[in-house]
>>> print(open('start-v4.cif').read())   # mmCIF, C-alpha atoms
data_work
#
loop_
_atom_site.label_atom_id
_atom_site.label_comp_id
_atom_site.auth_asym_id
_atom_site.auth_seq_id
_atom_site.Cartn_x
_atom_site.Cartn_y
_atom_site.Cartn_z
CA MET A 19 -9.75 -17.24 13.34
CA LYS A 20 -6.06 -16.90 12.53
CA LYS A 21 -4.15 -13.81 13.52
CA ASN A 22 -2.20 -12.29 10.65
CA ASN A 23 1.05 -10.41 10.94
CA GLN A 24 -0.05 -6.91 9.98
CA LYS A 25 3.26 -6.15 8.27
CA LEU A 26 2.75 -9.07 5.92
CA LEU A 27 -0.94 -8.44 5.44
CA TYR A 28 -0.52 -4.87 4.19
CA LEU A 29 2.72 -5.28 2.24
CA HIS A 30 3.11 -3.49 -1.07
CA SER A 31 2.42 -5.63 -4.14
CA HIS A 32 6.00 -5.52 -5.44
CA LEU A 33 7.17 -7.05 -2.15
CA THR A 34 4.48 -9.74 -1.98
CA ASP A 35 5.29 -10.74 -5.56
CA SER A 36 8.92 -11.36 -4.66
CA ARG A 37 7.89 -13.72 -1.82
CA VAL A 38 6.42 -16.21 -4.32
CA CYS A 39 9.70 -17.87 -5.23
CA SER A 40 11.11 -21.36 -5.14
CA THR A 41 14.43 -23.15 -5.61
CA LEU A 42 15.55 -24.34 -9.03
CA SER A 43 16.39 -27.95 -9.84
CA ASP A 44 20.09 -28.85 -10.07
CA ASN A 45 20.30 -28.76 -13.87
CA LEU A 46 18.55 -25.34 -14.02
CA ARG A 47 20.91 -24.01 -11.33
CA GLU A 48 23.91 -24.93 -13.44
CA GLN A 49 22.30 -23.58 -16.60
CA TYR A 50 21.25 -20.17 -15.21
CA GLY A 51 23.72 -19.68 -12.38
CA THR A 52 21.12 -18.81 -9.74
CA ARG A 53 19.65 -20.71 -6.79
CA SER A 54 16.02 -19.58 -6.85
CA CYS A 55 13.53 -17.82 -9.08
CA ARG A 56 10.07 -16.25 -8.85
CA LEU A 57 7.22 -18.57 -9.81
CA VAL A 58 5.09 -17.61 -12.80
CA LYS A 59 2.04 -19.16 -14.42
CA GLY A 60 3.26 -21.80 -16.87
CA ASP A 61 6.35 -22.95 -14.93
CA THR A 62 6.76 -26.69 -14.40
CA VAL A 63 7.20 -27.60 -10.73
CA ARG A 64 7.57 -30.70 -8.57
CA VAL A 65 6.04 -30.91 -5.09
CA VAL A 66 8.70 -31.87 -2.55
CA ARG A 67 6.85 -31.83 0.78
CA GLY A 68 3.40 -32.64 2.02
CA GLU A 69 0.61 -34.97 1.00
CA TYR A 70 1.17 -34.43 -2.73
CA SER A 71 4.97 -34.88 -2.75
CA GLY A 72 6.41 -36.27 -5.96
CA ILE A 73 3.68 -34.85 -8.21
CA GLU A 74 4.91 -32.75 -11.12
CA GLY A 75 2.78 -30.31 -13.09
CA LYS A 76 2.38 -26.82 -14.52
CA VAL A 77 1.45 -23.81 -12.42
CA GLU A 78 -2.13 -22.75 -13.20
CA LYS A 79 -2.72 -19.92 -10.72
CA VAL A 80 -0.51 -17.86 -8.39
CA ASN A 81 -1.81 -16.26 -5.18
CA THR A 82 0.76 -13.61 -4.23
CA GLN A 83 -1.02 -12.63 -1.02
CA LYS A 84 -0.63 -16.10 0.54
CA SER A 85 2.45 -17.20 -1.48
CA THR A 86 0.52 -20.24 -2.69
CA LEU A 87 -0.29 -21.63 -6.11
CA SER A 88 -2.41 -24.26 -7.76
CA ILE A 89 -0.83 -26.95 -9.94
CA GLU A 90 -2.27 -29.18 -12.65
CA GLY A 91 -3.18 -32.58 -11.25
CA VAL A 92 -3.19 -31.55 -7.58
CA GLN A 93 -6.83 -31.89 -6.55
CA ARG A 94 -8.90 -33.37 -3.76
CA GLU A 95 -12.50 -34.52 -3.62
CA LYS A 96 -15.14 -32.57 -1.75
CA VAL A 97 -17.48 -34.35 0.67
CA LYS A 98 -20.50 -33.56 -1.50
CA GLY A 99 -18.67 -34.65 -4.65
CA GLY A 100 -16.58 -32.77 -7.19
CA ASN A 101 -12.95 -31.81 -7.19
CA VAL A 102 -11.18 -28.77 -5.73
CA LYS A 103 -7.71 -27.52 -6.64
CA VAL A 104 -5.36 -27.57 -3.66
CA GLN A 105 -3.23 -24.50 -2.94
CA ILE A 106 0.42 -25.40 -2.20
CA HIS A 107 2.93 -23.01 -0.62
CA SER A 108 5.83 -21.99 -2.87
CA SER A 109 8.45 -23.12 -0.34
CA ASN A 110 7.35 -26.76 -0.80
CA LEU A 111 8.20 -26.82 -4.52
CA ILE A 112 11.16 -27.18 -6.85
CA ILE A 113 11.11 -25.56 -10.28
CA THR A 114 11.92 -28.14 -12.99
CA GLY A 115 11.01 -26.06 -16.05
CA LEU A 116 10.79 -22.33 -16.66
CA ASN A 117 8.25 -20.41 -18.72
CA LEU A 118 10.45 -18.04 -20.75
CA ASP A 119 7.71 -16.27 -22.72
CA ASP A 120 8.45 -13.06 -20.82
CA LYS A 121 11.42 -11.24 -22.43
CA TYR A 122 12.30 -9.43 -19.19
CA ARG A 123 12.54 -12.69 -17.24
CA LYS A 124 14.57 -14.36 -19.98
CA ASN A 125 17.05 -11.46 -20.15
CA LYS A 126 17.39 -11.38 -16.36
CA LEU A 127 18.25 -15.09 -16.22
CA GLU A 128 20.72 -14.78 -19.12
CA ASN A 129 22.41 -11.81 -17.40
CA ASN A 130 22.82 -13.97 -14.28
CA VAL A 131 24.64 -16.54 -16.42
CA LYS A 132 27.00 -13.88 -17.84
CA GLN A 133 27.69 -12.41 -14.41
CA SER A 134 28.35 -15.80 -12.83
CA LYS A 135 30.79 -16.68 -15.63
CA GLU A 136 32.58 -13.36 -15.16
CA ASN A 137 32.79 -13.96 -11.40
CA VAL A 138 34.23 -17.43 -11.99
CA ASP A 139 36.80 -16.01 -14.42
CA GLN A 140 37.79 -13.30 -11.94
CA SER A 141 38.16 -15.79 -9.09
CA ASP A 142 40.25 -18.07 -11.34
CA ASN A 143 42.51 -15.14 -12.22
CA LYS A 144 42.92 -14.28 -8.52
CA LYS A 145 43.83 -17.89 -7.74
CA ARG A 146 46.38 -17.95 -10.57
CA THR A 147 48.01 -14.72 -9.43
CA LYS A 148 48.19 -16.04 -5.85
CA LYS A 149 49.88 -19.22 -7.06
CA LYS A 150 52.38 -17.20 -9.12
CA LYS A 151 53.20 -15.00 -6.14
CA GLU A 152 53.66 -18.06 -3.90
CA LYS A 153 56.02 -19.63 -6.43
CA GLN A 154 58.01 -16.41 -6.68
CA ASN A 155 58.23 -16.21 -2.89
CA GLU A 156 59.46 -19.82 -2.72
CA LYS A 157 62.12 -19.11 -5.33
CA GLU A 158 63.29 -16.02 -3.41
CA VAL A 159 63.45 -18.00 -0.17
CA LYS A 160 65.52 -20.77 -1.82
CA GLU A 161 67.97 -18.23 -3.26
#
>>> encode(input="start-v4.cif", output="structure tokens")
Amino acid sequence: MKKNNQKLLYLHSHLTDSRVCSTLSDNLREQYGTRSCRLVKGDTVRVVRGEYSGIEGKVEKVNTQKSTLSIEGVQREKVKGGNVKVQIHSSNLIITGLNLDDKYRKNKLENNVKQSKENVDQSDNKKRTKKKKEKQNEKEVKE
């Protein structure tokens, strides 16, 4: 029998929910300005590690207690016959498509885009002001 870390076993539900997250694909990272996102039923994911690597499918079921989920097309045969869905840990996946039916999730991702654009604009302004100051300093030194 496996020993469980008691802190993880009796975590509050809002904390266990946040542990079921995975990294976004490159094009989604650029689009939404964030590196990772929580997995939800209906997201399209690609398995990166393990026996089923390379398989892409939709999330059918999420187990927040174990941070695992079942994906369409990821099954194995039982000894007595029949198929069983295989649970895959969320860290072994990449999100390739998001389910944006939830308004809260959609707004949160769009706000990340706005904030990242504002941060880029602010950093560009800081760089420009630094360059202007350096040019002014060079001119003063030459004079």
>>> closest_residue(input="start-v4.cif", among="A:Asn155, A:Ser141, A:Thr114, A:Ser31", to="A:Asn45", atoms="all atoms listed in the file")
A:Thr114
>>> closest_residue(input="start-v4.cif", among="A:His107, A:Lys25, A:Lys76, A:Lys126", to="A:Cys55", atoms="all atoms listed in the file")
A:Lys126
>>> resolve_selection(input="start-v4.cif", expression="the PyMOL selection byres ((chain A and resi 64) around 7)", output="PyMOL selection string")
chain A and resi 63+65-66+72-75+111-114
>>> write_last_selection(input="start-v4.cif", atoms="C-alpha atoms", output="mmCIF file, keeping the file's coordinate frame")
data_model
loop_
_atom_site.group_PDB
_atom_site.id
_atom_site.type_symbol
_atom_site.label_atom_id
_atom_site.label_comp_id
_atom_site.auth_asym_id
_atom_site.auth_seq_id
_atom_site.Cartn_x
_atom_site.Cartn_y
_atom_site.Cartn_z
ATOM 1 C CA VAL A 63 7.200 -27.600 -10.730
ATOM 2 C CA VAL A 65 6.040 -30.910 -5.090
ATOM 3 C CA VAL A 66 8.700 -31.870 -2.550
ATOM 4 C CA GLY A 72 6.410 -36.270 -5.960
ATOM 5 C CA ILE A 73 3.680 -34.850 -8.210
ATOM 6 C CA GLU A 74 4.910 -32.750 -11.120
ATOM 7 C CA GLY A 75 2.780 -30.310 -13.090
ATOM 8 C CA LEU A 111 8.200 -26.820 -4.520
ATOM 9 C CA ILE A 112 11.160 -27.180 -6.850
ATOM 10 C CA ILE A 113 11.110 -25.560 -10.280
ATOM 11 C CA THR A 114 11.920 -28.140 -12.990
#
>>> atom_distance(input="start-v4.cif", atom1="atom CA of A:Lys98", atom2="atom CA of A:Gln83")
28.6 Å
>>> resolve_selection(input="start-v4.cif", expression="the PyMOL selection byres ((chain A and resi 47) around 12)", output="ChimeraX atom specification")
/A:40-46,48-55,112-116,127,130-131,134
>>> resolve_selection(input="start-v4.cif", expression="the PyMOL selection byres ((chain A and resi 84) around 10)", output="list in words")
Leu26, Leu27, Thr34, Arg37, Val38, Val80, Asn81, Thr82, Gln83, Ser85, Thr86, Leu87, Gln105, Ile106, His107 and Ser108 of chain A
>>> closest_residue(input="start-v4.cif", among="A:Lys144, A:Asn23, A:Val58, A:Arg94", to="A:Cys39", atoms="only C-alpha atoms")
A:Val58
>>> atom_distance(input="start-v4.cif", atom1="atom CA of A:Lys59", atom2="atom CA of A:Asn117")
7.7 Å
>>> atom_distance(input="start-v4.cif", atom1="atom CA of A:Arg123", atom2="atom CA of A:Glu136")
20.2 Å
>>> closest_residue(input="start-v4.cif", among="A:Gln24, A:Asn101, A:Thr62, A:Ser109", to="A:Val77", atoms="only C-alpha atoms")
A:Thr62
>>> axis_aligned_box(input="start-v4.cif", around="stretch 77-87 of chain A", padding_each_side="3 Å", output="AutoDock Vina command-line options")
--center_x -0.1 --center_y -18.2 --center_z -6.3 --size_x 11.2 --size_y 17.2 --size_z 19.7
>>> build_atoms(input="start-v4.cif", residues="stretch 23-46 of chain A", atoms="N, CA and C atoms", output="compact mmCIF listing (two decimals), keeping the file's coordinate frame")
# COMPACT_ATOMS: atom_id res chain seq x y z
N ASN A 23 0.04 -11.42 10.69
CA ASN A 23 1.05 -10.41 10.94
C ASN A 23 0.69 -9.20 10.08
N GLN A 24 0.44 -8.08 10.70
CA GLN A 24 -0.05 -6.91 9.98
C GLN A 24 0.95 -6.40 8.95
N LYS A 25 2.24 -6.58 9.23
CA LYS A 25 3.26 -6.15 8.27
C LYS A 25 3.16 -6.95 6.99
N LEU A 26 2.88 -8.23 7.10
CA LEU A 26 2.75 -9.07 5.92
C LEU A 26 1.42 -8.88 5.22
N LEU A 27 0.40 -8.58 6.00
CA LEU A 27 -0.94 -8.44 5.44
C LEU A 27 -1.06 -7.21 4.56
N TYR A 28 -0.41 -6.12 4.94
CA TYR A 28 -0.52 -4.87 4.19
C TYR A 28 0.76 -4.51 3.43
N LEU A 29 1.50 -5.52 3.01
CA LEU A 29 2.72 -5.28 2.24
C LEU A 29 2.38 -4.74 0.85
N HIS A 30 3.29 -3.98 0.29
CA HIS A 30 3.11 -3.49 -1.07
C HIS A 30 3.17 -4.67 -2.05
N SER A 31 2.53 -4.51 -3.19
CA SER A 31 2.42 -5.63 -4.14
C SER A 31 3.76 -6.06 -4.70
N HIS A 32 4.70 -5.13 -4.90
CA HIS A 32 6.00 -5.52 -5.44
C HIS A 32 6.80 -6.36 -4.44
N LEU A 33 6.50 -6.23 -3.16
CA LEU A 33 7.17 -7.05 -2.15
C LEU A 33 6.49 -8.41 -1.98
N THR A 34 5.16 -8.45 -2.08
CA THR A 34 4.48 -9.74 -1.98
C THR A 34 4.77 -10.60 -3.20
N ASP A 35 4.95 -9.98 -4.35
CA ASP A 35 5.29 -10.74 -5.56
C ASP A 35 6.63 -11.44 -5.41
N SER A 36 7.59 -10.77 -4.78
CA SER A 36 8.92 -11.36 -4.66
C SER A 36 8.95 -12.51 -3.66
N ARG A 37 7.93 -12.64 -2.81
CA ARG A 37 7.89 -13.72 -1.82
C ARG A 37 7.44 -15.03 -2.44
N VAL A 38 6.89 -15.00 -3.66
CA VAL A 38 6.42 -16.21 -4.32
C VAL A 38 7.56 -16.76 -5.17
N CYS A 39 8.56 -17.32 -4.50
CA CYS A 39 9.70 -17.87 -5.23
C CYS A 39 10.00 -19.27 -4.70
N SER A 40 10.77 -20.01 -5.51
CA SER A 40 11.11 -21.36 -5.14
C SER A 40 12.49 -21.70 -5.69
N THR A 41 13.09 -22.76 -5.16
CA THR A 41 14.43 -23.15 -5.61
C THR A 41 14.36 -23.84 -6.97
N LEU A 42 15.44 -23.70 -7.72
CA LEU A 42 15.55 -24.34 -9.03
C LEU A 42 16.11 -25.74 -8.88
N SER A 43 15.80 -26.61 -9.84
CA SER A 43 16.39 -27.95 -9.84
C SER A 43 17.88 -27.82 -10.16
N ASP A 44 18.63 -28.89 -9.92
CA ASP A 44 20.09 -28.85 -10.07
C ASP A 44 20.53 -28.47 -11.49
N ASN A 45 19.88 -29.06 -12.50
CA ASN A 45 20.30 -28.76 -13.87
C ASN A 45 19.98 -27.32 -14.25
N LEU A 46 18.87 -26.75 -13.75
CA LEU A 46 18.55 -25.34 -14.02
C LEU A 46 19.50 -24.41 -13.27
